[in-house]
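Enquirer: Would you mind keeping the following structure in view while I ask a few things?
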Amino acid sequence: MEKKELLRMYREMVIIRRLEERASELYQQGKIGGFLHLYIGQEAVGTGVVSARQPKDRLLTAYRDHGIAIAAGIEPKVAMAELLGKETGCSHGFGGSMHMADVTKNYWGGHAIVGSHLPFAAGMALADQYNGSDAATICFFGDGATNIGYFHESLNLSKVWNLPVLWVCENNNYGMGTSVERASAVKEIRQKAEGYGMANSRVDGMDVLKVHEATADALEYVRENGPYLLEAMTYRYQGHSMGDPERYRTKDEITKWEEHDPIGIFRKYLIDDKVASEKDLDKIDQGAAHEIDEAVEFAEASPEPTFQELVDSVYVEGVG
Amino acid sequence: MAQITMREAISQALMEEMERDEKVFIMGEEVGVWGGTYAVTRGFYDKFGGKRVRDTPISEMVIVGAANGAAMAGLRPVAELMTINFAFVAMDQIVNQSAKLHTMFGAQITVPVVIRAVGGGGRQLAATHSQTPDVVFAHFPGLKVVAPGTPHDAKGLLKAAIRTDDPVMFIENATLYQMRGEVPDGDFVEPIGVSKVQRPGSDVTLVAYSKMVQYSLQAADELAKEGIDVEVVDLRTLRPLDMGPVIDSFKKTNRAVIAEEGWRSYGVGAEVASRLYEQAFDYVDAPIRRVAQKEVPLPYNRKLEQMALPQVGDIVEAVKGVL
């Protein structure tokens, strides 16, 4: 991979983390409402997977969507504006944290009912297959979503119709506060693909380059052969959402995972491989922090959407 | 103009729209090789092939969900639910997704999906297969809910449903499939969200939709023998609800009865009566009456089922009650 792309990926991961850190502060200040699910710790999955897609490949994810939004190409200021409910947000302030999308970037949201977007992915892949395109649809979801009917119906349909979907399970070990062991009959989520005769693999989701490589291979498979399930082993350092009491895990466990911080791992790789110096990366960190400061300023200065805009967004076509 | 059945009218609309637009396709349980459980899509699989007439697994959540996704991606799916009772299995997709996606993402996503679902009681299918829960869907902004009562309107409205960029719940009534009516040959479209006077009259306004339009027309014929001149207004679309022709009629007659096959509580009758009281209170000469299903789950037993369902005689009685 070229140096320029490696540094772009590094910067993107740092941008995601800074955005989330600021979002957390703004939430505590009451400037962000609703639910807020942070992506901190999972950056290597979003950046690793999306860096391997082509622009024609569609992206969908669940409610922990800010990281994927940034990786998809949504500007931090536009994401931040959405978090603040502003008209300049990617969903005009109507969707909020859990519902970011930008279809011009082939990023189709941001979906908050667990599992509900998996059938969308099947339908979108069907549309591409129907139109004779070789685009793939990449659908992210958490480990918790693999216990809901949607997952099983969607995997089954994708295999029956041989749809070009890359199913990406971000296994962060917990569906809210319930661990995989306590909620899923099998510990390895990828095993569930076996029941549908679907090709699958597991990857270290804390290593962005491993994720990138696994995704590139999986996408090649999807374009040639049909659906594939990739399980990325990752960890979220923050609670499920803001206000999570975190009674279900220990400080030691979190510390252990933090030693495998995806940004730290990638930073070490870039320095050891002499792609960049410590100083170069510090400079990128500062630039990212500055961009997020500007994003917050932009979002705070942006106007609120009007009630009329909301009313006008209920239907596409006026009715008699 | 030809006399054709409701089934033929719906079938013609689907066929013509598929011929007109490559992006229109059908998906659902037994729509293809079987030819449709109510034979609406008989012959479609042979004509269009498996790409455009897609048999699905028995997976209602993913039938509607994948149709939503395909619609978001630019196709125009007609997803068929074998009966409207199975729509409850897919309720998250219909209510939380089809109805919300356009608004929730700031109008950048459109979902031009049609969900065809057949409902209605009177066929001894017992409680879970006999419901007329149309109002449930009409509760949600973002959906359009269409329920035609004549072959003519079924054809014209289904074409409109396929062509609109909004999600449409298109509700048919199983006991109407054999009903005949005049339908123009070839292409025509009826507007969604426009009520229609199906029979002019001057004494009482009788508001109905779907199967109750036919019952209301029969009731009007009976009442005409007694010199009572009933105007039948067909809502045709439950959301958006067009009260214009209802209010115009009511201002003339000052008396109204609303007939629906579903349960009375929180029903179409409640909504229409409430709007009449709100918007035309000065014209009220008698308390508005409602005809609807009794508040019981429908039984298998034929006699009891018919007792629970609204009948022509109930409508006749209600009209006399407001005079």
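We name chains A, B, ... following the order of the structure tokens; residues begin at 1 in each chain, and ligands are numbered from 1 as shown.
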Determine which residues of chain A sit within 8 Å of chain B, taking into account only C-alpha atoms, and present them as a VMD selection string.
Expert: chain A and resid 90 to 95 99 to 103 116 to 127 130 150 153 to 154 157 310 313 to 317 319 to 320
Enquirer: Store the residues picked out above, limited to C-alpha atoms, as a short mmCIF file (atom, residue, chain, number, x, y, z; two decimals), in the first residue's frame.
Expert:
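Resulting contents of result_8.cif:
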data_model
loop_
_atom_site.label_atom_id
_atom_site.label_comp_id
_atom_site.auth_asym_id
_atom_site.auth_seq_id
_atom_site.Cartn_x
_atom_site.Cartn_y
_atom_site.Cartn_z
CA CYS A 90 -26.02 14.90 6.63
CA SER A 91 -29.63 14.01 7.50
CA HIS A 92 -30.79 17.64 7.98
CA GLY A 93 -30.95 17.19 11.71
CA PHE A 94 -33.84 14.73 11.37
CA GLY A 95 -31.80 11.59 12.03
CA HIS A 99 -29.13 7.91 11.43
CA MET A 100 -26.33 9.41 9.40
CA ALA A 101 -26.34 8.83 5.65
CA ASP A 102 -25.09 10.34 2.44
CA VAL A 103 -26.33 8.46 -0.57
CA SER A 116 -33.42 -3.93 10.30
CA HIS A 117 -30.85 -2.87 7.72
CA LEU A 118 -29.70 -6.38 6.87
CA PRO A 119 -32.64 -6.93 4.51
CA PHE A 120 -31.89 -3.53 2.94
CA ALA A 121 -28.42 -4.80 2.10
CA ALA A 122 -29.94 -7.88 0.47
CA GLY A 123 -32.35 -5.67 -1.51
CA MET A 124 -29.64 -3.26 -2.61
CA ALA A 125 -27.41 -6.10 -3.70
CA LEU A 126 -30.40 -7.49 -5.58
CA ALA A 127 -30.78 -4.14 -7.36
CA TYR A 130 -30.68 -6.96 -11.38
CA TYR A 150 -33.38 -10.46 10.44
CA GLU A 153 -33.58 -14.38 6.98
CA SER A 154 -31.15 -12.01 5.27
CA LEU A 157 -31.96 -14.94 1.12
CA LEU A 310 -39.86 18.40 8.24
CA SER A 313 -40.00 15.56 3.96
CA VAL A 314 -42.84 13.18 4.85
CA TYR A 315 -43.75 12.37 1.24
CA VAL A 316 -41.90 12.75 -2.04
CA GLU A 317 -45.04 13.54 -3.99
CA VAL A 319 -51.09 14.38 -2.67
CA GLY A 320 -54.50 15.42 -3.98
#
Enquirer: Write out as an mmCIF file with C-alpha atoms, in the first residue's frame each polymer residue whose atoms come within 10 Å of stretch 78-84 of chain A, counting only C-alpha atoms; drop sequence neighbours fewer than 2 positions from it.
Expert:
data_model
loop_
_atom_site.group_PDB
_atom_site.id
_atom_site.type_symbol
_atom_site.label_atom_id
_atom_site.label_comp_id
_atom_site.auth_asym_id
_atom_site.auth_seq_id
_atom_site.Cartn_x
_atom_site.Cartn_y
_atom_site.Cartn_z
ATOM 1 C CA LEU A 19 -14.862 13.332 16.743
ATOM 2 C CA GLU A 20 -16.127 10.769 19.245
ATOM 3 C CA ARG A 22 -15.699 15.752 21.345
ATOM 4 C CA ALA A 23 -19.150 14.217 20.843
ATOM 5 C CA LEU A 26 -20.883 17.856 23.846
ATOM 6 C CA TYR A 27 -23.291 15.198 25.071
ATOM 7 C CA GLY A 30 -26.368 18.799 26.771
ATOM 8 C CA LYS A 31 -25.658 19.937 23.215
ATOM 9 C CA ILE A 32 -26.187 16.456 21.801
ATOM 10 C CA GLY A 33 -29.428 14.720 22.759
ATOM 11 C CA GLY A 34 -30.919 11.278 22.347
ATOM 12 C CA LEU A 36 -24.978 8.440 21.545
ATOM 13 C CA HIS A 66 -20.190 7.853 13.129
ATOM 14 C CA GLY A 67 -17.000 5.983 12.280
ATOM 15 C CA ALA A 69 -19.908 7.814 8.183
ATOM 16 C CA ILE A 70 -16.452 9.397 8.309
ATOM 17 C CA ILE A 74 -18.895 12.393 5.181
ATOM 18 C CA GLU A 75 -17.013 15.486 6.337
ATOM 19 C CA PRO A 76 -16.530 15.712 10.110
ATOM 20 C CA LYS A 86 -28.594 21.155 12.561
ATOM 21 C CA GLU A 87 -29.899 21.748 9.061
ATOM 22 C CA THR A 88 -26.368 21.362 7.653
ATOM 23 C CA GLY A 89 -26.157 17.815 9.049
ATOM 24 C CA CYS A 90 -26.023 14.900 6.626
ATOM 25 C CA SER A 91 -29.633 14.013 7.496
ATOM 26 C CA HIS A 92 -30.786 17.636 7.982
ATOM 27 C CA GLY A 93 -30.946 17.192 11.714
ATOM 28 C CA PHE A 94 -33.841 14.728 11.370
ATOM 29 C CA GLY A 95 -31.804 11.587 12.027
ATOM 30 C CA GLY A 96 -29.246 12.423 14.701
ATOM 31 C CA SER A 97 -26.419 10.236 15.933
ATOM 32 C CA MET A 98 -27.962 6.921 14.927
ATOM 33 C CA HIS A 99 -29.126 7.906 11.432
ATOM 34 C CA MET A 100 -26.329 9.408 9.400
ATOM 35 C CA ALA A 101 -26.343 8.829 5.647
ATOM 36 C CA ILE A 292 -12.641 18.611 14.746
ATOM 37 C CA GLU A 294 -13.554 23.631 13.317
ATOM 38 C CA ALA A 295 -16.270 21.024 12.849
ATOM 39 C CA VAL A 296 -17.721 21.887 16.245
ATOM 40 C CA GLU A 297 -17.619 25.613 15.422
ATOM 41 C CA PHE A 298 -19.337 24.973 12.100
ATOM 42 C CA ALA A 299 -22.006 22.823 13.712
ATOM 43 C CA GLU A 300 -22.671 25.293 16.508
ATOM 44 C CA ALA A 301 -22.976 28.187 14.054
ATOM 45 C CA SER A 302 -25.306 26.273 11.716
ATOM 46 C CA PRO A 303 -29.053 26.968 11.591
ATOM 47 C CA GLU A 304 -31.723 24.614 12.884
#
Enquirer: Neighbours of A:Leu59 within 9 Å (only C-alpha atoms; same-chain residues fewer than 4 positions away dropped), as a list in words?
Expert: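 The contact residues come out as Val50, Ile68, Ala72, Lys105, Asn106, Tyr107, Trp108, Gly109, Ala121, Ala136, Thr137, Ile138, Cys139 and Phe140 of chain A.
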Enquirer: Please report, as a ChimeraX atom specification, each residue of stretch 89-306 of chain B to which DSSP assigns strand (DSSP E or B) when run on this structure's backbone.
Expert: /B:114-119,144-146,168-173,180-183,196-199,204-208,230-234,237-239,256-263,289-293
Enquirer: I need the residue nearest A:Gly239 from this list: A:Lys192, A:Gln308, A:Phe35, A:His152. Use only C-alpha atoms for the distance.
Expert: A:Phe35
Enquirer: Env of B:Glu182: 10 Å cut, atoms = only C-alpha atoms, seq-sep filter 6 positions within chain, self excluded. Answer as a short mmCIF file (atom, residue, chain, number, x, y, z; two decimals) with N, CA and C atoms, in the first residue's frame.
Expert:
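Output below, filename around31.cif:
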data_model
loop_
_atom_site.label_atom_id
_atom_site.label_comp_id
_atom_site.auth_asym_id
_atom_site.auth_seq_id
_atom_site.Cartn_x
_atom_site.Cartn_y
_atom_site.Cartn_z
N MET B 1 -65.54 -0.49 -23.14
CA MET B 1 -65.14 -0.84 -21.77
C MET B 1 -65.54 -2.28 -21.45
N ALA B 2 -64.64 -3.00 -20.81
CA ALA B 2 -64.89 -4.42 -20.55
C ALA B 2 -65.33 -4.64 -19.11
N GLN B 3 -66.16 -5.66 -18.92
CA GLN B 3 -66.53 -6.11 -17.57
C GLN B 3 -65.50 -7.14 -17.15
N ILE B 4 -64.69 -6.82 -16.15
CA ILE B 4 -63.70 -7.80 -15.68
C ILE B 4 -63.76 -7.90 -14.16
N THR B 5 -63.12 -8.94 -13.64
CA THR B 5 -63.12 -9.12 -12.18
C THR B 5 -62.03 -8.26 -11.54
N MET B 6 -62.18 -8.11 -10.25
CA MET B 6 -61.17 -7.40 -9.45
C MET B 6 -59.81 -8.07 -9.63
N ALA B 9 -58.42 -7.13 -12.89
CA ALA B 9 -58.03 -5.71 -12.91
C ALA B 9 -56.66 -5.52 -12.26
N THR B 150 -63.60 -1.10 -6.13
CA THR B 150 -64.13 -1.49 -7.44
C THR B 150 -62.97 -1.94 -8.33
N PRO B 151 -63.24 -2.78 -9.33
CA PRO B 151 -62.18 -3.19 -10.26
C PRO B 151 -61.53 -1.99 -10.96
N HIS B 152 -62.35 -1.03 -11.33
CA HIS B 152 -61.85 0.18 -11.99
C HIS B 152 -60.80 0.87 -11.13
N ASP B 153 -61.14 1.11 -9.89
CA ASP B 153 -60.21 1.81 -9.00
C ASP B 153 -59.00 0.94 -8.65
#
Enquirer: Could you pull the residues within 6 Å of B:Ile84, counting only C-alpha atoms, minus those fewer than 5 positions along the same chain, as a PyMOL selection string?
Expert: chain B and resi 117-119
Enquirer: Go ahead and write the selection's residues with C-alpha atoms as a PDB file, in the first residue's frame.
Expert:
ATOM      1  CA  ALA B 117     -51.617  -7.409   1.037  1.00  0.00           C
ATOM      2  CA  VAL B 118     -55.001  -9.085   0.992  1.00  0.00           C
ATOM      3  CA  GLY B 119     -57.296  -9.014   3.988  1.00  0.00           C
TER       4      GLY B 119
END
Enquirer: Please compute the atom CA of A:Ala52-atom CA of A:Leu6 distance, one decimal, in Å.
Expert: 12.2 Å
Enquirer: Write out as a PyMOL selection string each polymer residue whose atoms come within 9 Å of B:Phe170, counting only C-alpha atoms; drop sequence neighbours fewer than 6 positions from it.
Expert: chain B and resi 114-118+144-148+157-158+161
Enquirer: What does the distance from atom CA of A:Gln29 to atom CA of A:Arg64 come to in Å, to one decimal?
Expert: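 Interatomic distance, atom CA of A:Gln29 to atom CA of A:Arg64: 20.5 Å.
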Enquirer: Could you tell me how far atom CA of B:Asn173 sits from atom CA of B:Thr132, in Å to one decimal place?
Expert: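 If I compute the distance from atom CA of B:Thr132 to atom CA of B:Asn173, I get 8.5 Å.
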